[in-house]
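Everything below concerns the one structure shown next.
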Amino acid sequence: MIAAGDRLILVGRIVGLHGVAGEVKLESYTEPRTRIFRYQPWLLSSAAGDREISGCKGREQGKGIVASLPEVTDRDRAASLVGCEIKVRRSVLQDPNADEYYWTDLEGLEVVTIEGVSLGRISHLLSTGANDVMVVRDGERERLLPFVLDDYVKTVDFAAGRVTVDWDPEF
């Protein structure tokens with residue numbers, strides 16, 4: 001079993017090239033998107049294998065992000081990285097504030113009602129703009145539950161591996 005701090009978290013992807021000096025375009029899954037540069041070292045993961053890299057720098061460029069990676073100084077070398085996923089160890093992420101959670105820490109937790117009825121496990125979360133939504137699956141059905149603290153989400157207990165919600169199991 002992998003220790004929680006050693007778990008790899010997907011934080012972005014290399015999606016294209018920028019210029020001729022080896023810079024790459026990124027898709028970042030962090031918020032704000034430039035925060036991806038705070039979390040290092042990166043593990044670049046592709047079908048060809050994994051490679052750890054530190055010292056990546058970048059900037060916003062128009063609607064995207066451009067990065068320069070150590071030892072990548074030409075367009076051909078950068079082209080070989082397009083499609084790589086960017087992962088980091090969970091331990092490099094700062095601890096969230098009270099009543100804040102990383103989605104990755106919530107994934108896999110069991111969801112139960114305040115009456116103790118199991119609704120399944122959190123598959124993943126979605127951002128809707130208004131609030132985040134938990135996608136909860138139990139093998140038979142999929143439920144979309146708003147992740148709104150106090151209103152619907154009553155407790156998050158990582159030690160027990162459980163999220164308690166005020167939710168009608170028939171809904």
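Simple scheme: letters A, B, ... for chains in structure tokens order, numbers from 1 for residues in each chain, numbers from 1 for ligands in the order shown.
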
Alpha helix (DSSP H) positions in region 50-113 of chain A, given as a PyMOL selection string: chain A and resi 75-79+103-106

Which residues of region 61-103 of chain A come within 6 Å of region 22-44 of chain A, and what is each one's closest atom pair and distance in Å (one decimal), counting only C-alpha atoms, sorted by chain and residue number, as CSV?
```
residue,atom,partner,partner_atom,distance
A:Ile65,CA,A:Leu26,CA,5.4
A:Val66,CA,A:Lys25,CA,4.6
A:Ala67,CA,A:Val24,CA,5.3
A:Ser68,CA,A:Glu23,CA,4.8
A:Val72,CA,A:Gly22,CA,5.5
A:Thr73,CA,A:Gly22,CA,4.6
A:Asp74,CA,A:Gly22,CA,4.0
A:Arg75,CA,A:Gly22,CA,4.5
A:Ala78,CA,A:Gly22,CA,5.1
A:Cys84,CA,A:Leu44,CA,5.7
A:Glu85,CA,A:Leu44,CA,5.7
A:Ile86,CA,A:Leu44,CA,5.0
A:Lys87,CA,A:Leu43,CA,5.0
A:Val88,CA,A:Trp42,CA,5.2
A:Val92,CA,A:Tyr39,CA,5.9
```

If I take CA of Leu106 (chain A) and CA of Leu149 (chain A), how far is one from the other in Å, to one decimal?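 So the answer is 13.5 Å.
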
In Å, rounded to a single decimal, give me how far CA of Ala160 (chain A) is from CA of Gly120 (chain A).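 That distance, rounded to one decimal, is 14.4 Å.
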
Would you kindly return, as a PDB file with N, CA and C atoms, in the first residue's frame, each protein, DNA or RNA residue with an atom no farther than 12 Å from any atom of Gly129 (chain A), considering only C-alpha atoms and excluding same-chain residues fewer than 3 positions away?
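Written output follows (selection_10.pdb):
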```pdb
ATOM      1  N   LEU A 126     -16.835  17.252  -9.361  1.00  0.00           N
ATOM      2  CA  LEU A 126     -17.009  18.153 -10.503  1.00  0.00           C
ATOM      3  C   LEU A 126     -17.163  19.572  -9.981  1.00  0.00           C
ATOM      4  N   ASP A 132     -19.068  22.668  -5.745  1.00  0.00           N
ATOM      5  CA  ASP A 132     -18.519  21.395  -6.198  1.00  0.00           C
ATOM      6  C   ASP A 132     -19.555  20.302  -5.988  1.00  0.00           C
ATOM      7  N   VAL A 133     -19.447  19.250  -6.794  1.00  0.00           N
ATOM      8  CA  VAL A 133     -20.403  18.144  -6.740  1.00  0.00           C
ATOM      9  C   VAL A 133     -19.632  16.834  -6.609  1.00  0.00           C
ATOM     10  N   PRO A 146     -24.275  17.695  -3.927  1.00  0.00           N
ATOM     11  CA  PRO A 146     -23.536  18.954  -3.776  1.00  0.00           C
ATOM     12  C   PRO A 146     -22.584  18.877  -2.584  1.00  0.00           C
ATOM     13  N   PHE A 147     -21.347  19.317  -2.804  1.00  0.00           N
ATOM     14  CA  PHE A 147     -20.385  19.367  -1.698  1.00  0.00           C
ATOM     15  C   PHE A 147     -20.487  20.751  -1.067  1.00  0.00           C
TER      16      PHE A 147
END
```

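Compared by their closest atoms to Arg77 (chain A), and using only C-alpha atoms, the residues A:Ile53, A:Ser127, A:Leu119, A:Val20 rank with A:Val20 nearest.
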
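The space between CA of Glu115 (chain A) and CA of Thr155 (chain A) spans 13.1 Å.
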
Tell me which protein, DNA and RNA residues are within 12 Å of Leu125 (chain A), counting only C-alpha atoms, leaving out same-chain ones fewer than 3 positions away, and put them as a list in words. Tyr101, Tyr102, Trp103, Thr104, Asp105, Leu106, Glu107, Gly108, Leu109, Arg121, Ile122, Thr128, Asn131, Asp132, Val133, Met134, Val135, Val136, Arg137, Arg143, Leu144, Leu145, Pro146 and Phe147 of chain A

Mind writing the picked residues with N, CA and C atoms as a PDB file, in the first residue's frame?
```pdb
ATOM      1  N   TYR A 101     -10.687  21.077   1.378  1.00  0.00           N
ATOM      2  CA  TYR A 101     -10.255  19.717   1.098  1.00  0.00           C
ATOM      3  C   TYR A 101      -9.709  19.637  -0.313  1.00  0.00           C
ATOM      4  N   TYR A 102      -8.674  18.824  -0.486  1.00  0.00           N
ATOM      5  CA  TYR A 102      -8.237  18.485  -1.832  1.00  0.00           C
ATOM      6  C   TYR A 102      -9.169  17.400  -2.343  1.00  0.00           C
ATOM      7  N   TRP A 103      -9.602  17.570  -3.574  1.00  0.00           N
ATOM      8  CA  TRP A 103     -10.499  16.575  -4.152  1.00  0.00           C
ATOM      9  C   TRP A 103      -9.890  15.183  -4.070  1.00  0.00           C
ATOM     10  N   THR A 104      -8.609  15.084  -4.352  1.00  0.00           N
ATOM     11  CA  THR A 104      -7.958  13.784  -4.366  1.00  0.00           C
ATOM     12  C   THR A 104      -8.048  13.082  -3.016  1.00  0.00           C
ATOM     13  N   ASP A 105      -8.101  13.851  -1.917  1.00  0.00           N
ATOM     14  CA  ASP A 105      -8.222  13.249  -0.592  1.00  0.00           C
ATOM     15  C   ASP A 105      -9.632  12.728  -0.334  1.00  0.00           C
ATOM     16  N   LEU A 106     -10.621  13.304  -1.010  1.00  0.00           N
ATOM     17  CA  LEU A 106     -12.015  12.883  -0.838  1.00  0.00           C
ATOM     18  C   LEU A 106     -12.362  11.654  -1.680  1.00  0.00           C
ATOM     19  N   GLU A 107     -11.672  11.502  -2.809  1.00  0.00           N
ATOM     20  CA  GLU A 107     -11.979  10.390  -3.714  1.00  0.00           C
ATOM     21  C   GLU A 107     -11.756   9.058  -3.009  1.00  0.00           C
ATOM     22  N   GLY A 108     -12.747   8.187  -3.108  1.00  0.00           N
ATOM     23  CA  GLY A 108     -12.667   6.874  -2.492  1.00  0.00           C
ATOM     24  C   GLY A 108     -13.326   6.786  -1.132  1.00  0.00           C
ATOM     25  N   LEU A 109     -13.648   7.928  -0.515  1.00  0.00           N
ATOM     26  CA  LEU A 109     -14.307   7.889   0.786  1.00  0.00           C
ATOM     27  C   LEU A 109     -15.747   7.398   0.640  1.00  0.00           C
ATOM     28  N   ARG A 121     -19.325   5.242  -2.744  1.00  0.00           N
ATOM     29  CA  ARG A 121     -18.016   5.900  -2.568  1.00  0.00           C
ATOM     30  C   ARG A 121     -17.883   7.044  -3.561  1.00  0.00           C
ATOM     31  N   ILE A 122     -17.106   8.040  -3.169  1.00  0.00           N
ATOM     32  CA  ILE A 122     -16.864   9.179  -4.052  1.00  0.00           C
ATOM     33  C   ILE A 122     -15.940   8.732  -5.180  1.00  0.00           C
ATOM     34  N   THR A 128     -19.053  22.998 -10.701  1.00  0.00           N
ATOM     35  CA  THR A 128     -20.190  23.490 -11.483  1.00  0.00           C
ATOM     36  C   THR A 128     -20.232  25.009 -11.549  1.00  0.00           C
ATOM     37  N   ASN A 131     -21.110  25.382  -6.972  1.00  0.00           N
ATOM     38  CA  ASN A 131     -20.507  24.587  -5.898  1.00  0.00           C
ATOM     39  C   ASN A 131     -19.914  23.322  -6.514  1.00  0.00           C
ATOM     40  N   ASP A 132     -19.068  22.668  -5.745  1.00  0.00           N
ATOM     41  CA  ASP A 132     -18.519  21.395  -6.198  1.00  0.00           C
ATOM     42  C   ASP A 132     -19.555  20.302  -5.988  1.00  0.00           C
ATOM     43  N   VAL A 133     -19.447  19.250  -6.794  1.00  0.00           N
ATOM     44  CA  VAL A 133     -20.403  18.144  -6.740  1.00  0.00           C
ATOM     45  C   VAL A 133     -19.632  16.834  -6.609  1.00  0.00           C
ATOM     46  N   MET A 134     -20.055  16.005  -5.648  1.00  0.00           N
ATOM     47  CA  MET A 134     -19.475  14.674  -5.478  1.00  0.00           C
ATOM     48  C   MET A 134     -20.214  13.700  -6.392  1.00  0.00           C
ATOM     49  N   VAL A 135     -19.467  12.907  -7.137  1.00  0.00           N
ATOM     50  CA  VAL A 135     -20.050  11.822  -7.916  1.00  0.00           C
ATOM     51  C   VAL A 135     -19.882  10.566  -7.066  1.00  0.00           C
ATOM     52  N   VAL A 136     -21.008  10.045  -6.579  1.00  0.00           N
ATOM     53  CA  VAL A 136     -21.010   8.920  -5.644  1.00  0.00           C
ATOM     54  C   VAL A 136     -21.580   7.703  -6.349  1.00  0.00           C
ATOM     55  N   ARG A 137     -20.829   6.614  -6.326  1.00  0.00           N
ATOM     56  CA  ARG A 137     -21.254   5.376  -7.000  1.00  0.00           C
ATOM     57  C   ARG A 137     -21.301   4.234  -6.002  1.00  0.00           C
ATOM     58  N   ARG A 143     -24.933   8.892  -8.020  1.00  0.00           N
ATOM     59  CA  ARG A 143     -25.622  10.057  -7.466  1.00  0.00           C
ATOM     60  C   ARG A 143     -24.700  11.270  -7.573  1.00  0.00           C
ATOM     61  N   LEU A 144     -25.289  12.425  -7.796  1.00  0.00           N
ATOM     62  CA  LEU A 144     -24.556  13.681  -7.802  1.00  0.00           C
ATOM     63  C   LEU A 144     -25.010  14.466  -6.574  1.00  0.00           C
ATOM     64  N   LEU A 145     -24.098  14.637  -5.626  1.00  0.00           N
ATOM     65  CA  LEU A 145     -24.429  15.314  -4.377  1.00  0.00           C
ATOM     66  C   LEU A 145     -23.618  16.601  -4.266  1.00  0.00           C
ATOM     67  N   PRO A 146     -24.275  17.695  -3.927  1.00  0.00           N
ATOM     68  CA  PRO A 146     -23.536  18.954  -3.776  1.00  0.00           C
ATOM     69  C   PRO A 146     -22.584  18.877  -2.584  1.00  0.00           C
ATOM     70  N   PHE A 147     -21.347  19.317  -2.804  1.00  0.00           N
ATOM     71  CA  PHE A 147     -20.385  19.367  -1.698  1.00  0.00           C
ATOM     72  C   PHE A 147     -20.487  20.751  -1.067  1.00  0.00           C
TER      73      PHE A 147
END
```

What residues in region 8-168 of chain A get the DSSP label strand (DSSP E or B)? Please answer as number ranges by chain. A: 8-18, 23-28, 42-46, 49-53, 57-61, 64-68, 85-89, 110-113, 118-127, 132-137, 142-147, 149, 153-157, 162-165

Now that the selection is made, can you save its residues with C-alpha atoms as a PDB file, in the first residue's frame?
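Final output, saved to result29.pdb:
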```
ATOM      1  CA  LEU A   8       0.851  10.576  -6.935  1.00  0.00           C
ATOM      2  CA  ILE A   9      -1.558  13.367  -7.811  1.00  0.00           C
ATOM      3  CA  LEU A  10      -2.267  14.421 -11.396  1.00  0.00           C
ATOM      4  CA  VAL A  11      -1.797  18.209 -11.574  1.00  0.00           C
ATOM      5  CA  GLY A  12      -1.531  18.827 -15.316  1.00  0.00           C
ATOM      6  CA  ARG A  13      -0.404  17.791 -18.815  1.00  0.00           C
ATOM      7  CA  ILE A  14       2.001  18.974 -21.450  1.00  0.00           C
ATOM      8  CA  VAL A  15      -0.237  19.828 -24.399  1.00  0.00           C
ATOM      9  CA  GLY A  16       1.941  21.585 -26.948  1.00  0.00           C
ATOM     10  CA  LEU A  17       5.040  23.505 -27.937  1.00  0.00           C
ATOM     11  CA  HIS A  18       5.884  27.185 -27.603  1.00  0.00           C
ATOM     12  CA  GLU A  23       9.281  25.720 -24.006  1.00  0.00           C
ATOM     13  CA  VAL A  24       6.049  23.755 -23.678  1.00  0.00           C
ATOM     14  CA  LYS A  25       2.375  24.633 -23.234  1.00  0.00           C
ATOM     15  CA  LEU A  26       0.669  23.209 -20.163  1.00  0.00           C
ATOM     16  CA  GLU A  27      -2.843  22.399 -19.111  1.00  0.00           C
ATOM     17  CA  SER A  28      -2.893  22.909 -15.344  1.00  0.00           C
ATOM     18  CA  TRP A  42       7.234  16.761 -11.189  1.00  0.00           C
ATOM     19  CA  LEU A  43       6.929  13.212 -12.400  1.00  0.00           C
ATOM     20  CA  LEU A  44       6.424  13.347 -16.170  1.00  0.00           C
ATOM     21  CA  SER A  45       4.486  10.240 -17.056  1.00  0.00           C
ATOM     22  CA  SER A  46       4.007   8.831 -20.557  1.00  0.00           C
ATOM     23  CA  GLY A  49       8.027   5.750 -18.967  1.00  0.00           C
ATOM     24  CA  ASP A  50       8.310   8.156 -16.077  1.00  0.00           C
ATOM     25  CA  ARG A  51      10.871  10.869 -15.449  1.00  0.00           C
ATOM     26  CA  GLU A  52      11.296  13.084 -12.392  1.00  0.00           C
ATOM     27  CA  ILE A  53      12.191  16.720 -13.000  1.00  0.00           C
ATOM     28  CA  LYS A  57       9.444  27.543 -14.321  1.00  0.00           C
ATOM     29  CA  GLY A  58       6.611  29.140 -16.188  1.00  0.00           C
ATOM     30  CA  ARG A  59       4.249  31.968 -16.832  1.00  0.00           C
ATOM     31  CA  GLU A  60       0.808  32.750 -18.111  1.00  0.00           C
ATOM     32  CA  GLN A  61       0.780  33.348 -21.853  1.00  0.00           C
ATOM     33  CA  GLY A  64      -2.591  29.266 -21.395  1.00  0.00           C
ATOM     34  CA  ILE A  65       0.570  28.530 -19.461  1.00  0.00           C
ATOM     35  CA  VAL A  66       4.068  28.203 -20.893  1.00  0.00           C
ATOM     36  CA  ALA A  67       6.832  26.317 -19.055  1.00  0.00           C
ATOM     37  CA  SER A  68      10.545  25.926 -19.406  1.00  0.00           C
ATOM     38  CA  GLU A  85       0.976  13.844 -17.583  1.00  0.00           C
ATOM     39  CA  ILE A  86       2.425  15.932 -14.758  1.00  0.00           C
ATOM     40  CA  LYS A  87       2.129  14.304 -11.351  1.00  0.00           C
ATOM     41  CA  VAL A  88       3.432  15.247  -7.917  1.00  0.00           C
ATOM     42  CA  ARG A  89       3.623  13.433  -4.616  1.00  0.00           C
ATOM     43  CA  GLU A 110     -17.596   6.216   1.673  1.00  0.00           C
ATOM     44  CA  VAL A 111     -20.639   8.503   1.745  1.00  0.00           C
ATOM     45  CA  VAL A 112     -23.303   7.779   4.356  1.00  0.00           C
ATOM     46  CA  THR A 113     -26.462   9.603   5.332  1.00  0.00           C
ATOM     47  CA  SER A 118     -24.430   3.967   2.714  1.00  0.00           C
ATOM     48  CA  LEU A 119     -24.763   5.749  -0.641  1.00  0.00           C
ATOM     49  CA  GLY A 120     -21.487   4.446  -2.089  1.00  0.00           C
ATOM     50  CA  ARG A 121     -18.016   5.900  -2.568  1.00  0.00           C
ATOM     51  CA  ILE A 122     -16.864   9.179  -4.052  1.00  0.00           C
ATOM     52  CA  SER A 123     -15.664   8.430  -7.568  1.00  0.00           C
ATOM     53  CA  HIS A 124     -14.620  12.002  -8.354  1.00  0.00           C
ATOM     54  CA  LEU A 125     -15.776  15.583  -8.006  1.00  0.00           C
ATOM     55  CA  LEU A 126     -17.009  18.153 -10.503  1.00  0.00           C
ATOM     56  CA  SER A 127     -16.912  21.919 -10.431  1.00  0.00           C
ATOM     57  CA  ASP A 132     -18.519  21.395  -6.198  1.00  0.00           C
ATOM     58  CA  VAL A 133     -20.403  18.144  -6.740  1.00  0.00           C
ATOM     59  CA  MET A 134     -19.475  14.674  -5.478  1.00  0.00           C
ATOM     60  CA  VAL A 135     -20.050  11.822  -7.916  1.00  0.00           C
ATOM     61  CA  VAL A 136     -21.010   8.920  -5.644  1.00  0.00           C
ATOM     62  CA  ARG A 137     -21.254   5.376  -7.000  1.00  0.00           C
ATOM     63  CA  GLU A 142     -24.586   7.067  -9.550  1.00  0.00           C
ATOM     64  CA  ARG A 143     -25.622  10.057  -7.466  1.00  0.00           C
ATOM     65  CA  LEU A 144     -24.556  13.681  -7.802  1.00  0.00           C
ATOM     66  CA  LEU A 145     -24.429  15.314  -4.377  1.00  0.00           C
ATOM     67  CA  PRO A 146     -23.536  18.954  -3.776  1.00  0.00           C
ATOM     68  CA  PHE A 147     -20.385  19.367  -1.698  1.00  0.00           C
ATOM     69  CA  LEU A 149     -20.533  22.099   4.029  1.00  0.00           C
ATOM     70  CA  VAL A 153     -22.025  17.676   3.983  1.00  0.00           C
ATOM     71  CA  LYS A 154     -22.141  17.320   7.754  1.00  0.00           C
ATOM     72  CA  THR A 155     -18.738  15.745   8.473  1.00  0.00           C
ATOM     73  CA  VAL A 156     -15.622  14.590   6.669  1.00  0.00           C
ATOM     74  CA  ASP A 157     -13.796  11.943   8.695  1.00  0.00           C
ATOM     75  CA  ARG A 162     -16.302   8.540   5.565  1.00  0.00           C
ATOM     76  CA  VAL A 163     -18.297  11.610   4.558  1.00  0.00           C
ATOM     77  CA  THR A 164     -21.627  12.038   6.346  1.00  0.00           C
ATOM     78  CA  VAL A 165     -24.348  13.843   4.401  1.00  0.00           C
TER      79      VAL A 165
END
```
